[in-house]
file input_20.tsv (TSV, C-alpha atoms and all ligand atoms)
chain	number	residue	atom	x	y	z
A	1	MET	CA	0.35	-8.90	25.64
A	2	SER	CA	3.58	-7.09	24.86
A	3	GLU	CA	4.79	-5.65	21.62
A	4	GLU	CA	7.89	-7.89	21.93
A	5	ARG	CA	5.65	-10.95	21.90
A	6	TRP	CA	3.79	-9.71	18.81
A	7	ALA	CA	7.16	-9.28	17.10
A	8	ALA	CA	8.32	-12.76	18.19
A	9	VAL	CA	5.18	-14.34	16.74
A	10	ASP	CA	5.65	-12.29	13.57
A	11	ASP	CA	9.21	-13.66	13.26
A	12	TYR	CA	7.95	-17.20	13.84
A	13	LEU	CA	5.33	-16.81	11.08
A	14	ALA	CA	7.66	-14.96	8.72
A	15	ALA	CA	10.22	-17.78	8.96
A	16	ARG	CA	7.57	-20.06	7.46
A	17	LEU	CA	5.51	-17.74	5.23
A	18	ALA	CA	8.24	-15.42	4.00
A	19	PRO	CA	11.55	-17.28	4.23
A	20	VAL	CA	14.74	-15.25	3.85
A	21	ASP	CA	14.97	-13.93	0.33
A	22	PRO	CA	18.26	-12.36	-0.84
A	23	VAL	CA	16.52	-9.86	-3.14
A	24	LEU	CA	14.18	-8.57	-0.42
A	25	GLU	CA	17.04	-8.52	2.11
A	26	ALA	CA	19.18	-6.55	-0.35
A	27	ALA	CA	16.31	-4.10	-0.87
A	28	LEU	CA	16.07	-3.48	2.88
A	29	ASP	CA	19.88	-3.20	3.20
A	30	ALA	CA	20.05	-0.65	0.37
A	31	SER	CA	17.12	1.27	1.86
A	32	ARG	CA	18.89	1.45	5.22
A	33	ALA	CA	22.16	2.44	3.54
A	34	GLY	CA	20.28	5.19	1.69
A	35	GLY	CA	18.92	6.54	4.97
A	36	LEU	CA	15.30	5.58	4.25
A	37	PRO	CA	13.06	5.11	7.30
A	38	SER	CA	12.08	1.57	8.20
A	39	ILE	CA	8.37	2.08	7.51
A	40	ASN	CA	7.99	-0.58	4.83
A	41	VAL	CA	5.42	-3.34	5.34
A	42	THR	CA	6.60	-6.37	7.33
A	43	PRO	CA	7.41	-9.68	5.58
A	44	THR	CA	4.11	-11.24	6.68
A	45	GLN	CA	2.23	-8.18	5.46
A	46	GLY	CA	4.12	-8.35	2.15
A	47	ALA	CA	3.11	-11.98	1.79
A	48	PHE	CA	-0.47	-10.98	2.59
A	49	LEU	CA	-0.44	-8.28	-0.11
A	50	ALA	CA	0.92	-10.82	-2.59
A	51	LEU	CA	-1.86	-13.21	-1.62
A	52	LEU	CA	-4.49	-10.53	-2.27
A	53	VAL	CA	-3.00	-9.81	-5.70
A	54	ARG	CA	-3.23	-13.53	-6.49
A	55	LEU	CA	-6.77	-13.86	-5.13
A	56	GLN	CA	-7.76	-10.94	-7.35
A	57	GLY	CA	-6.17	-12.56	-10.39
A	58	ALA	CA	-4.73	-9.08	-10.82
A	59	ARG	CA	-2.75	-8.06	-13.88
A	60	SER	CA	-2.29	-4.40	-12.93
A	61	VAL	CA	-1.45	-2.76	-9.62
A	62	LEU	CA	-1.25	0.88	-8.60
A	63	GLU	CA	0.78	1.68	-5.49
A	64	ILE	CA	0.73	5.12	-3.83
A	65	GLY	CA	3.89	5.41	-1.67
A	66	THR	CA	6.94	3.53	-2.97
A	67	LEU	CA	9.67	4.27	-0.40
A	68	GLY	CA	12.45	1.77	-1.31
A	69	GLY	CA	10.15	-0.52	-3.26
A	70	TYR	CA	9.91	-3.31	-0.67
A	71	SER	CA	6.13	-3.68	-0.86
A	72	THR	CA	6.40	-3.05	-4.60
A	73	ILE	CA	8.55	-6.18	-5.01
A	74	TRP	CA	5.97	-8.29	-3.14
A	75	LEU	CA	3.13	-6.88	-5.28
A	76	ALA	CA	4.99	-7.20	-8.59
A	77	ARG	CA	6.15	-10.76	-7.97
A	78	ALA	CA	2.54	-11.85	-7.43
A	79	LEU	CA	1.54	-10.81	-10.95
A	80	PRO	CA	1.37	-13.12	-13.94
A	81	ALA	CA	3.69	-12.62	-16.93
A	82	GLY	CA	2.76	-9.39	-18.67
A	83	GLY	CA	1.47	-7.83	-15.43
A	84	ARG	CA	2.51	-4.33	-14.42
A	85	VAL	CA	2.81	-2.05	-11.40
A	86	VAL	CA	2.74	1.74	-11.41
A	87	THR	CA	4.10	3.10	-8.13
A	88	LEU	CA	4.08	6.75	-7.03
A	89	GLU	CA	6.74	8.42	-4.89
A	90	VAL	CA	7.19	12.11	-4.09
A	91	ASP	CA	10.87	11.87	-3.14
A	92	GLU	CA	13.38	11.55	-6.00
A	93	GLY	CA	16.07	10.04	-3.74
A	94	ARG	CA	13.71	7.36	-2.48
A	95	ALA	CA	12.56	6.64	-6.01
A	96	GLU	CA	16.21	6.13	-7.04
A	97	VAL	CA	16.74	3.61	-4.23
A	98	ALA	CA	13.51	1.89	-5.27
A	99	ARG	CA	14.53	1.71	-8.94
A	100	ALA	CA	17.84	0.08	-8.00
A	101	ASN	CA	16.05	-2.40	-5.74
A	102	LEU	CA	13.49	-3.24	-8.42
A	103	SER	CA	16.25	-3.63	-10.97
A	104	ARG	CA	18.06	-6.08	-8.70
A	105	ALA	CA	14.77	-7.95	-8.36
A	106	GLY	CA	14.57	-8.30	-12.15
A	107	LEU	CA	11.41	-6.16	-12.24
A	108	ASP	CA	12.57	-3.33	-14.54
A	109	GLY	CA	10.07	-4.20	-17.21
A	110	VAL	CA	7.23	-4.74	-14.75
A	111	VAL	CA	7.31	-1.69	-12.47
A	112	GLU	CA	7.16	1.96	-13.40
A	113	VAL	CA	8.17	4.39	-10.63
A	114	ARG	CA	6.61	7.82	-11.12
A	115	VAL	CA	8.15	10.67	-9.16
A	116	GLY	CA	6.09	13.59	-7.88
A	117	PRO	CA	3.29	14.35	-5.47
A	118	ALA	CA	0.69	11.62	-5.95
A	119	LEU	CA	-2.05	14.24	-6.15
A	120	ALA	CA	-0.33	15.57	-9.29
A	121	THR	CA	0.33	12.14	-10.81
A	122	LEU	CA	-3.10	10.59	-10.18
A	123	PRO	CA	-5.03	13.02	-12.44
A	124	ARG	CA	-2.42	12.31	-15.12
A	125	LEU	CA	-3.05	8.57	-14.84
A	126	VAL	CA	-6.78	9.27	-15.33
A	127	ALA	CA	-6.09	11.54	-18.32
A	128	GLU	CA	-3.72	8.99	-19.87
A	129	GLU	CA	-6.29	6.23	-19.30
A	130	THR	CA	-3.61	4.14	-17.60
A	131	GLY	CA	-6.28	2.35	-15.54
A	132	PRO	CA	-8.38	0.65	-14.53
A	133	PHE	CA	-6.15	-1.11	-12.03
A	134	ASP	CA	-7.13	-4.46	-10.52
A	135	VAL	CA	-5.50	-3.64	-7.18
A	136	VAL	CA	-4.55	-0.32	-5.57
A	137	PHE	CA	-2.29	-0.20	-2.50
A	138	VAL	CA	-2.50	3.16	-0.72
A	139	ASP	CA	0.50	3.69	1.60
A	140	ALA	CA	1.74	7.30	1.40
A	141	ASP	CA	0.98	10.44	3.46
A	142	LYS	CA	-2.05	9.53	5.55
A	143	SER	CA	-3.47	13.08	5.57
A	144	ASN	CA	-4.30	12.66	1.89
A	145	ASN	CA	-5.99	9.27	2.24
A	146	PRO	CA	-9.50	10.64	1.53
A	147	ALA	CA	-8.24	12.10	-1.76
A	148	TYR	CA	-6.28	8.94	-2.58
A	149	PHE	CA	-9.42	6.89	-2.02
A	150	ALA	CA	-11.40	9.16	-4.36
A	151	TRP	CA	-8.72	8.85	-7.07
A	152	SER	CA	-8.52	5.10	-6.51
A	153	ARG	CA	-12.27	4.88	-7.16
A	154	ARG	CA	-11.73	6.63	-10.52
A	155	LEU	CA	-8.81	4.38	-11.43
A	156	THR	CA	-10.55	1.06	-10.65
A	157	ARG	CA	-13.55	-0.93	-11.95
A	158	PRO	CA	-16.15	-3.19	-10.34
A	159	GLY	CA	-14.18	-6.16	-9.03
A	160	SER	CA	-11.05	-4.17	-8.18
A	161	LEU	CA	-9.61	-4.17	-4.69
A	162	ILE	CA	-8.37	-1.04	-2.90
A	163	ILE	CA	-6.08	-1.69	0.09
A	164	VAL	CA	-5.13	1.08	2.52
A	165	ASP	CA	-2.28	0.66	5.01
A	166	ASN	CA	-2.02	2.17	8.50
A	167	VAL	CA	-5.70	2.82	9.19
A	168	VAL	CA	-5.56	2.09	12.94
A	169	ARG	CA	-2.27	3.71	14.07
A	170	ASP	CA	-1.94	2.33	17.60
A	171	GLY	CA	-5.60	3.12	18.19
A	172	ALA	CA	-5.12	6.84	17.51
A	173	VAL	CA	-7.95	6.52	14.97
A	174	LEU	CA	-10.32	6.83	17.98
A	175	GLU	CA	-9.19	10.42	18.64
A	176	ALA	CA	-12.10	12.40	17.23
A	177	GLY	CA	-10.64	15.73	18.34
A	178	SER	CA	-7.14	15.06	17.01
A	179	ALA	CA	-5.35	17.90	15.26
A	180	ASP	CA	-2.85	15.47	13.71
A	181	PRO	CA	-3.49	15.66	9.95
A	182	ASP	CA	-2.68	11.94	9.61
A	183	ILE	CA	-5.41	11.03	12.10
A	184	VAL	CA	-7.87	13.51	10.62
A	185	GLY	CA	-7.20	12.00	7.18
A	186	THR	CA	-7.52	8.45	8.43
A	187	ARG	CA	-10.83	9.15	10.20
A	188	ARG	CA	-12.20	10.93	7.12
A	189	LEU	CA	-11.16	7.94	5.01
A	190	HIS	CA	-13.16	5.56	7.22
A	191	ASP	CA	-16.19	7.90	6.95
A	192	GLU	CA	-15.90	8.09	3.18
A	193	ILE	CA	-15.62	4.34	2.77
A	194	ALA	CA	-18.68	3.95	5.00
A	195	ALA	CA	-20.63	6.52	2.97
A	196	ASP	CA	-19.81	4.93	-0.39
A	197	PRO	CA	-22.69	2.64	-1.46
A	198	GLY	CA	-20.62	1.19	-4.30
A	199	VAL	CA	-18.03	-0.63	-2.17
A	200	ARG	CA	-17.93	-3.45	0.32
A	201	ALA	CA	-15.22	-3.07	2.93
A	202	SER	CA	-13.67	-4.25	6.13
A	203	VAL	CA	-10.60	-3.53	8.21
A	204	ILE	CA	-8.29	-6.06	9.75
A	205	GLN	CA	-6.33	-4.83	12.73
A	206	THR	CA	-2.76	-6.06	12.69
A	207	VAL	CA	-0.13	-6.57	15.37
A	208	GLY	CA	3.41	-7.70	14.76
A	209	ALA	CA	6.94	-6.48	14.19
A	210	LYS	CA	5.68	-2.92	13.50
A	211	GLY	CA	3.25	-2.59	16.38
A	212	TRP	CA	-0.53	-2.21	16.22
A	213	ASP	CA	-2.13	-0.97	13.03
A	214	GLY	CA	-4.60	-2.08	10.38
A	215	LEU	CA	-5.32	-2.61	6.72
A	216	ALA	CA	-8.56	-1.53	5.05
A	217	LEU	CA	-9.77	-3.84	2.28
A	218	VAL	CA	-12.25	-2.20	-0.06
A	219	LEU	CA	-13.88	-4.19	-2.85
A	220	VAL	CA	-15.29	-2.02	-5.63
A	221	GLU	CA	-18.76	-3.22	-6.63
A	222	GLU	CA	-20.11	-0.29	-8.62
A	223	GLU	CA	-18.61	2.52	-10.66
A	224	ARG	CA	-18.40	5.72	-8.73
A	225	PRO	CA	-21.35	7.93	-9.65
A	226	ALA	CA	-20.28	10.89	-11.79
A	227	GLY	CA	-19.93	14.31	-10.14
B	301	LIG	N1	4.83	1.07	0.50
B	301	LIG	C1	6.16	1.15	1.10
B	301	LIG	C2	6.20	2.16	2.22
B	301	LIG	C3	5.77	3.53	1.82
B	301	LIG	S1	6.18	4.73	3.07
B	301	LIG	C4	6.55	-0.22	1.64
B	301	LIG	O1	5.74	-0.79	2.39
B	301	LIG	O2	7.64	-0.72	1.34
B	301	LIG	C5	5.34	6.11	2.42
B	301	LIG	C6	6.01	6.74	1.21
B	301	LIG	O3	5.09	7.69	0.68
B	301	LIG	C7	7.29	7.49	1.55
B	301	LIG	O4	8.36	7.05	0.78
B	301	LIG	C8	6.95	8.95	1.21
B	301	LIG	O5	8.04	9.68	0.65
B	301	LIG	C9	5.84	8.78	0.20
B	301	LIG	N2	4.97	9.96	0.09
B	301	LIG	C10	4.66	10.84	1.08
B	301	LIG	N3	3.88	11.80	0.59
B	301	LIG	C11	3.69	11.54	-0.72
B	301	LIG	C12	2.99	12.20	-1.77
B	301	LIG	N4	2.32	13.32	-1.56
B	301	LIG	N5	3.01	11.65	-3.00
B	301	LIG	C13	3.69	10.50	-3.23
B	301	LIG	N6	4.39	9.84	-2.28
B	301	LIG	C14	4.39	10.35	-1.05
B	302	LIG	C1	4.60	5.36	8.67
B	302	LIG	C2	4.15	5.16	7.38
B	302	LIG	C3	3.76	3.92	6.99
B	302	LIG	O1	3.29	3.67	5.73
B	302	LIG	C4	3.83	2.84	7.85
B	302	LIG	O2	3.43	1.61	7.40
B	302	LIG	C5	4.29	3.02	9.15
B	302	LIG	C6	4.68	4.31	9.55
B	302	LIG	C7	5.01	6.72	9.10
B	302	LIG	O3	4.94	7.66	8.28
B	302	LIG	O4	5.40	6.88	10.24
B	303	MG	MG	2.39	1.79	5.54
call {"tool": "encode", "arguments": {"input": "input_20.tsv", "output": "structure tokens"}}
result
Amino acid sequence: MSEERWAAVDDYLAARLAPVDPVLEAALDASRAGGLPSINVTPTQGAFLALLVRLQGARSVLEIGTLGGYSTIWLARALPAGGRVVTLEVDEGRAEVARANLSRAGLDGVVEVRVGPALATLPRLVAEETGPFDVVFVDADKSNNPAYFAWSRRLTRPGSLIIVDNVVRDGAVLEAGSADPDIVGTRRLHDEIAADPGVRASVIQTVGAKGWDGLALVLVEEERPAG
């Protein structure tokens, strides 16, 4: 099975599940023009995220890792009227591209882009009592995934869903001795999810236009114990 064939199947499915959408196309064009890397979720993954938001009956979404706002548009569009997304991005230039894309998507009043290192913004969201969020999508620097999971636990409630992107990384997650901080962070994340008695979780491995990776789905069942 070749990567080209995964991509061809992804295109076949995307043509049906995520038909060409001028707003999403414009977001990707503007992201390319702005020099952003093409590490956004694929169209079928975007449709899957939107489906999860719907299944949750979510009204509020927290996203960690905005880039150009492509996944943000999928998440925000899945919300009912009055819903909101808070999305965190460390890079001011990327956040600017994202704001323009979200504006073009008519989502100005729905999405708030917060600029800064997520580890600085997340405690602020707790202090401001911005949560709890119904869905969290974690998709930023993978080395910090254990910390993002811990903050996500504090910013959710029983019934919330925490989704983490890129938890397989071409199988590199198997490399126990890896010195790559992204792999170390990803492996620690899996251990912490496994050690948390208050969540129910699984991982779906994905193949497609962006290779082999996976999404962790973590359903919060109990408040995180204090301390
Ligand atoms: N969710 C996006 C892709 C995000 S790519 C989509 O699918 O469309 C990951 C993003 O996380 C990048 O834009 C990167 O700048 C951002 N990021 C990296 N480290 C971060 C940090 N410490 N805090 C917040 N954002 C960070
Ligand atoms: C990278 C980041 C992502 O969120 C992703 O989905 C794919 C690749 C990266 O940093 O290389
Ligand atoms: Mg990702």
call {"tool": "residues_around", "arguments": {"input": "input_20.tsv", "residues": "Pro37 in chain A", "least_positions_apart": "3", "cutoff": "10 Å", "atoms": "all atoms listed in the file", "output": "list in words"}}
result
Ser31, Arg32, Gly34, Asn40, Leu67 and Gly68 of chain A
call {"tool": "atom_distance", "arguments": {"input": "input_20.tsv", "atom1": "CA of Ile64 in chain A", "atom2": "CA of Glu128 in chain A"}}
result
17.1 Å
call {"tool": "closest_residue", "arguments": {"input": "input_20.tsv", "among": "A:Pro225, A:Gly211, A:Gly65, A:Gly93", "to": "ligand MG 303 (chain B)", "atoms": "all atoms listed in the file"}}
result
A:Gly65
call {"tool": "residues_around", "arguments": {"input": "input_20.tsv", "residues": "Ala81 in chain A", "least_positions_apart": "3", "cutoff": "10 Å", "atoms": "all atoms listed in the file", "output": "JSON, numbers by chain"}}
result
{"A": [59, 77, 78, 84, 110]}
call {"tool": "residues_near_point", "arguments": {"input": "input_20.tsv", "point": "(12.0, 13.0, -11.0)", "cutoff": "10 Å", "atoms": "only C-alpha atoms", "output": "mmCIF file with C-alpha atoms, in the frame of the given file"}}
result
data_model
loop_
_atom_site.group_PDB
_atom_site.id
_atom_site.type_symbol
_atom_site.label_atom_id
_atom_site.label_comp_id
_atom_site.auth_asym_id
_atom_site.auth_seq_id
_atom_site.Cartn_x
_atom_site.Cartn_y
_atom_site.Cartn_z
ATOM 1 C CA GLU A 89 6.740 8.420 -4.890
ATOM 2 C CA VAL A 90 7.190 12.110 -4.090
ATOM 3 C CA ASP A 91 10.870 11.870 -3.140
ATOM 4 C CA GLU A 92 13.380 11.550 -6.000
ATOM 5 C CA GLY A 93 16.070 10.040 -3.740
ATOM 6 C CA ALA A 95 12.560 6.640 -6.010
ATOM 7 C CA GLU A 96 16.210 6.130 -7.040
ATOM 8 C CA VAL A 113 8.170 4.390 -10.630
ATOM 9 C CA ARG A 114 6.610 7.820 -11.120
ATOM 10 C CA VAL A 115 8.150 10.670 -9.160
ATOM 11 C CA GLY A 116 6.090 13.590 -7.880
#
call {"tool": "closest_residue", "arguments": {"input": "input_20.tsv", "among": "A:Glu129, A:Asp108, A:Asp213, A:Asp191", "to": "ligand LIG 302 (chain B)", "atoms": "only C-alpha atoms and all ligand atoms"}}
result
A:Asp213
call {"tool": "residues_near_point", "arguments": {"input": "input_20.tsv", "point": "(-22.1, -0.5, -11.7)", "cutoff": "12 Å", "atoms": "all atoms listed in the file", "output": "compact mmCIF listing (two decimals) with C-alpha atoms, in the frame of the given file"}}
result
# COMPACT_ATOMS: atom_id res chain seq x y z
CA THR A 156 -10.55 1.06 -10.65
CA ARG A 157 -13.55 -0.93 -11.95
CA PRO A 158 -16.15 -3.19 -10.34
CA GLY A 159 -14.18 -6.16 -9.03
CA PRO A 197 -22.69 2.64 -1.46
CA GLY A 198 -20.62 1.19 -4.30
CA VAL A 199 -18.03 -0.63 -2.17
CA VAL A 220 -15.29 -2.02 -5.63
CA GLU A 221 -18.76 -3.22 -6.63
CA GLU A 222 -20.11 -0.29 -8.62
CA GLU A 223 -18.61 2.52 -10.66
CA ARG A 224 -18.40 5.72 -8.73
CA PRO A 225 -21.35 7.93 -9.65
CA ALA A 226 -20.28 10.89 -11.79
call {"tool": "closest_atom_pairs", "arguments": {"input": "input_20.tsv", "of": "chain A", "to": "ligand LIG 302 (chain B)", "cutoff": "6 Å", "atoms": "all atoms listed in the file", "output": "CSV"}}
result
residue,atom,partner,partner_atom,distance
A:Ile39,CA,B:LIG302,C5,4.5
A:Asn40,CA,B:LIG302,O2,5.7
A:Val41,CA,B:LIG302,O2,5.7
A:Asp139,CA,B:LIG302,O1,5.0
A:Ala140,CA,B:LIG302,O1,5.9
A:Asn166,CA,B:LIG302,O2,5.6
call {"tool": "closest_residue", "arguments": {"input": "input_20.tsv", "among": "A:Val218, A:Leu36, A:Val164, A:Ala14", "to": "Asn144 in chain A", "atoms": "all atoms listed in the file"}}
result
A:Val164
call {"tool": "closest_atom_pairs", "arguments": {"input": "input_20.tsv", "of": "range 83-149 of chain A", "to": "range 71-74 of chain A", "cutoff": "8 Å", "atoms": "all atoms listed in the file", "output": "tab-separated table"}}
result
residue	atom	partner	partner_atom	distance
A:Val85	CA	A:Thr72	CA	7.8
A:Thr87	CA	A:Thr72	CA	7.5
A:Leu102	CA	A:Ile73	CA	6.7
A:Ala105	CA	A:Ile73	CA	7.3
A:Leu107	CA	A:Ile73	CA	7.8
call {"tool": "atom_distance", "arguments": {"input": "input_20.tsv", "atom1": "CA of Ala76 in chain A", "atom2": "atom C9 of ligand LIG 301 (chain B)"}}
result
18.3 Å
call {"tool": "residues_around", "arguments": {"input": "input_20.tsv", "residues": "Leu13 in chain A", "least_positions_apart": "2", "cutoff": "12 Å", "atoms": "all atoms listed in the file", "output": "VMD selection string"}}
result
chain A and resid 6 to 11 15 to 20 42 to 45 47 to 48 208 to 209
call {"tool": "atom_distance", "arguments": {"input": "input_20.tsv", "atom1": "CA of Gly57 in chain A", "atom2": "CA of Leu119 in chain A"}}
result
27.4 Å
call {"tool": "build_atoms", "arguments": {"input": "input_20.tsv", "residues": "range 121-147 of chain A", "atoms": "N, CA and C atoms", "output": "PDB file, keeping the file's coordinate frame"}}
result
ATOM      1  N   THR A 121       0.202  13.267  -9.873  1.00  0.00           N
ATOM      2  CA  THR A 121       0.330  12.140 -10.810  1.00  0.00           C
ATOM      3  C   THR A 121      -1.016  11.464 -11.066  1.00  0.00           C
ATOM      4  N   LEU A 122      -1.846  11.340 -10.044  1.00  0.00           N
ATOM      5  CA  LEU A 122      -3.100  10.590 -10.180  1.00  0.00           C
ATOM      6  C   LEU A 122      -4.016  11.153 -11.280  1.00  0.00           C
ATOM      7  N   PRO A 123      -4.210  12.498 -11.340  1.00  0.00           N
ATOM      8  CA  PRO A 123      -5.030  13.020 -12.440  1.00  0.00           C
ATOM      9  C   PRO A 123      -4.427  12.710 -13.809  1.00  0.00           C
ATOM     10  N   ARG A 124      -3.090  12.656 -13.845  1.00  0.00           N
ATOM     11  CA  ARG A 124      -2.420  12.310 -15.120  1.00  0.00           C
ATOM     12  C   ARG A 124      -2.728  10.873 -15.513  1.00  0.00           C
ATOM     13  N   LEU A 125      -2.734   9.980 -14.533  1.00  0.00           N
ATOM     14  CA  LEU A 125      -3.050   8.570 -14.840  1.00  0.00           C
ATOM     15  C   LEU A 125      -4.478   8.464 -15.387  1.00  0.00           C
ATOM     16  N   VAL A 126      -5.396   9.266 -14.826  1.00  0.00           N
ATOM     17  CA  VAL A 126      -6.780   9.270 -15.330  1.00  0.00           C
ATOM     18  C   VAL A 126      -6.785   9.798 -16.763  1.00  0.00           C
ATOM     19  N   ALA A 127      -6.104  10.926 -16.983  1.00  0.00           N
ATOM     20  CA  ALA A 127      -6.090  11.540 -18.320  1.00  0.00           C
ATOM     21  C   ALA A 127      -5.457  10.625 -19.355  1.00  0.00           C
ATOM     22  N   GLU A 128      -4.420   9.909 -18.944  1.00  0.00           N
ATOM     23  CA  GLU A 128      -3.720   8.990 -19.870  1.00  0.00           C
ATOM     24  C   GLU A 128      -4.454   7.673 -20.043  1.00  0.00           C
ATOM     25  N   GLU A 129      -5.535   7.492 -19.283  1.00  0.00           N
ATOM     26  CA  GLU A 129      -6.290   6.230 -19.300  1.00  0.00           C
ATOM     27  C   GLU A 129      -5.385   5.034 -19.023  1.00  0.00           C
ATOM     28  N   THR A 130      -4.530   5.200 -18.025  1.00  0.00           N
ATOM     29  CA  THR A 130      -3.610   4.140 -17.600  1.00  0.00           C
ATOM     30  C   THR A 130      -4.363   3.012 -16.886  1.00  0.00           C
ATOM     31  N   GLY A 131      -5.480   3.351 -16.250  1.00  0.00           N
ATOM     32  CA  GLY A 131      -6.280   2.350 -15.540  1.00  0.00           C
ATOM     33  C   GLY A 131      -7.207   1.618 -16.470  1.00  0.00           C
ATOM     34  N   PRO A 132      -8.185   0.866 -15.965  1.00  0.00           N
ATOM     35  CA  PRO A 132      -8.380   0.650 -14.530  1.00  0.00           C
ATOM     36  C   PRO A 132      -7.393  -0.369 -13.986  1.00  0.00           C
ATOM     37  N   PHE A 133      -7.040  -0.180 -12.717  1.00  0.00           N
ATOM     38  CA  PHE A 133      -6.150  -1.110 -12.030  1.00  0.00           C
ATOM     39  C   PHE A 133      -6.973  -2.161 -11.287  1.00  0.00           C
ATOM     40  N   ASP A 134      -6.444  -3.362 -11.217  1.00  0.00           N
ATOM     41  CA  ASP A 134      -7.130  -4.460 -10.520  1.00  0.00           C
ATOM     42  C   ASP A 134      -6.951  -4.375  -9.011  1.00  0.00           C
ATOM     43  N   VAL A 135      -5.798  -3.826  -8.599  1.00  0.00           N
ATOM     44  CA  VAL A 135      -5.500  -3.640  -7.180  1.00  0.00           C
ATOM     45  C   VAL A 135      -4.844  -2.272  -7.008  1.00  0.00           C
ATOM     46  N   VAL A 136      -5.241  -1.548  -5.962  1.00  0.00           N
ATOM     47  CA  VAL A 136      -4.550  -0.320  -5.570  1.00  0.00           C
ATOM     48  C   VAL A 136      -4.083  -0.497  -4.131  1.00  0.00           C
ATOM     49  N   PHE A 137      -2.822  -0.172  -3.872  1.00  0.00           N
ATOM     50  CA  PHE A 137      -2.290  -0.200  -2.500  1.00  0.00           C
ATOM     51  C   PHE A 137      -1.946   1.227  -2.106  1.00  0.00           C
ATOM     52  N   VAL A 138      -2.688   1.782  -1.169  1.00  0.00           N
ATOM     53  CA  VAL A 138      -2.500   3.160  -0.720  1.00  0.00           C
ATOM     54  C   VAL A 138      -1.640   3.147   0.541  1.00  0.00           C
ATOM     55  N   ASP A 139      -0.437   3.766   0.471  1.00  0.00           N
ATOM     56  CA  ASP A 139       0.500   3.690   1.600  1.00  0.00           C
ATOM     57  C   ASP A 139       1.453   4.888   1.557  1.00  0.00           C
ATOM     58  N   ALA A 140       0.894   6.094   1.470  1.00  0.00           N
ATOM     59  CA  ALA A 140       1.740   7.300   1.400  1.00  0.00           C
ATOM     60  C   ALA A 140       1.455   8.202   2.589  1.00  0.00           C
ATOM     61  N   ASP A 141       1.295   9.504   2.370  1.00  0.00           N
ATOM     62  CA  ASP A 141       0.980  10.440   3.460  1.00  0.00           C
ATOM     63  C   ASP A 141      -0.490  10.268   3.833  1.00  0.00           C
ATOM     64  N   LYS A 142      -0.709   9.946   5.106  1.00  0.00           N
ATOM     65  CA  LYS A 142      -2.050   9.530   5.550  1.00  0.00           C
ATOM     66  C   LYS A 142      -3.057  10.677   5.515  1.00  0.00           C
ATOM     67  N   SER A 143      -2.550  11.928   5.597  1.00  0.00           N
ATOM     68  CA  SER A 143      -3.470  13.080   5.570  1.00  0.00           C
ATOM     69  C   SER A 143      -4.235  13.144   4.253  1.00  0.00           C
ATOM     70  N   ASN A 144      -3.644  12.630   3.196  1.00  0.00           N
ATOM     71  CA  ASN A 144      -4.300  12.660   1.890  1.00  0.00           C
ATOM     72  C   ASN A 144      -5.102  11.397   1.579  1.00  0.00           C
ATOM     73  N   ASN A 145      -5.284  10.525   2.542  1.00  0.00           N
ATOM     74  CA  ASN A 145      -5.990   9.270   2.240  1.00  0.00           C
ATOM     75  C   ASN A 145      -7.406   9.455   1.684  1.00  0.00           C
ATOM     76  N   PRO A 146      -8.180  10.459   2.155  1.00  0.00           N
ATOM     77  CA  PRO A 146      -9.500  10.640   1.530  1.00  0.00           C
ATOM     78  C   PRO A 146      -9.377  10.927   0.024  1.00  0.00           C
ATOM     79  N   ALA A 147      -8.430  11.782  -0.337  1.00  0.00           N
ATOM     80  CA  ALA A 147      -8.240  12.100  -1.760  1.00  0.00           C
ATOM     81  C   ALA A 147      -7.707  10.885  -2.519  1.00  0.00           C
TER      82      ALA A 147
END
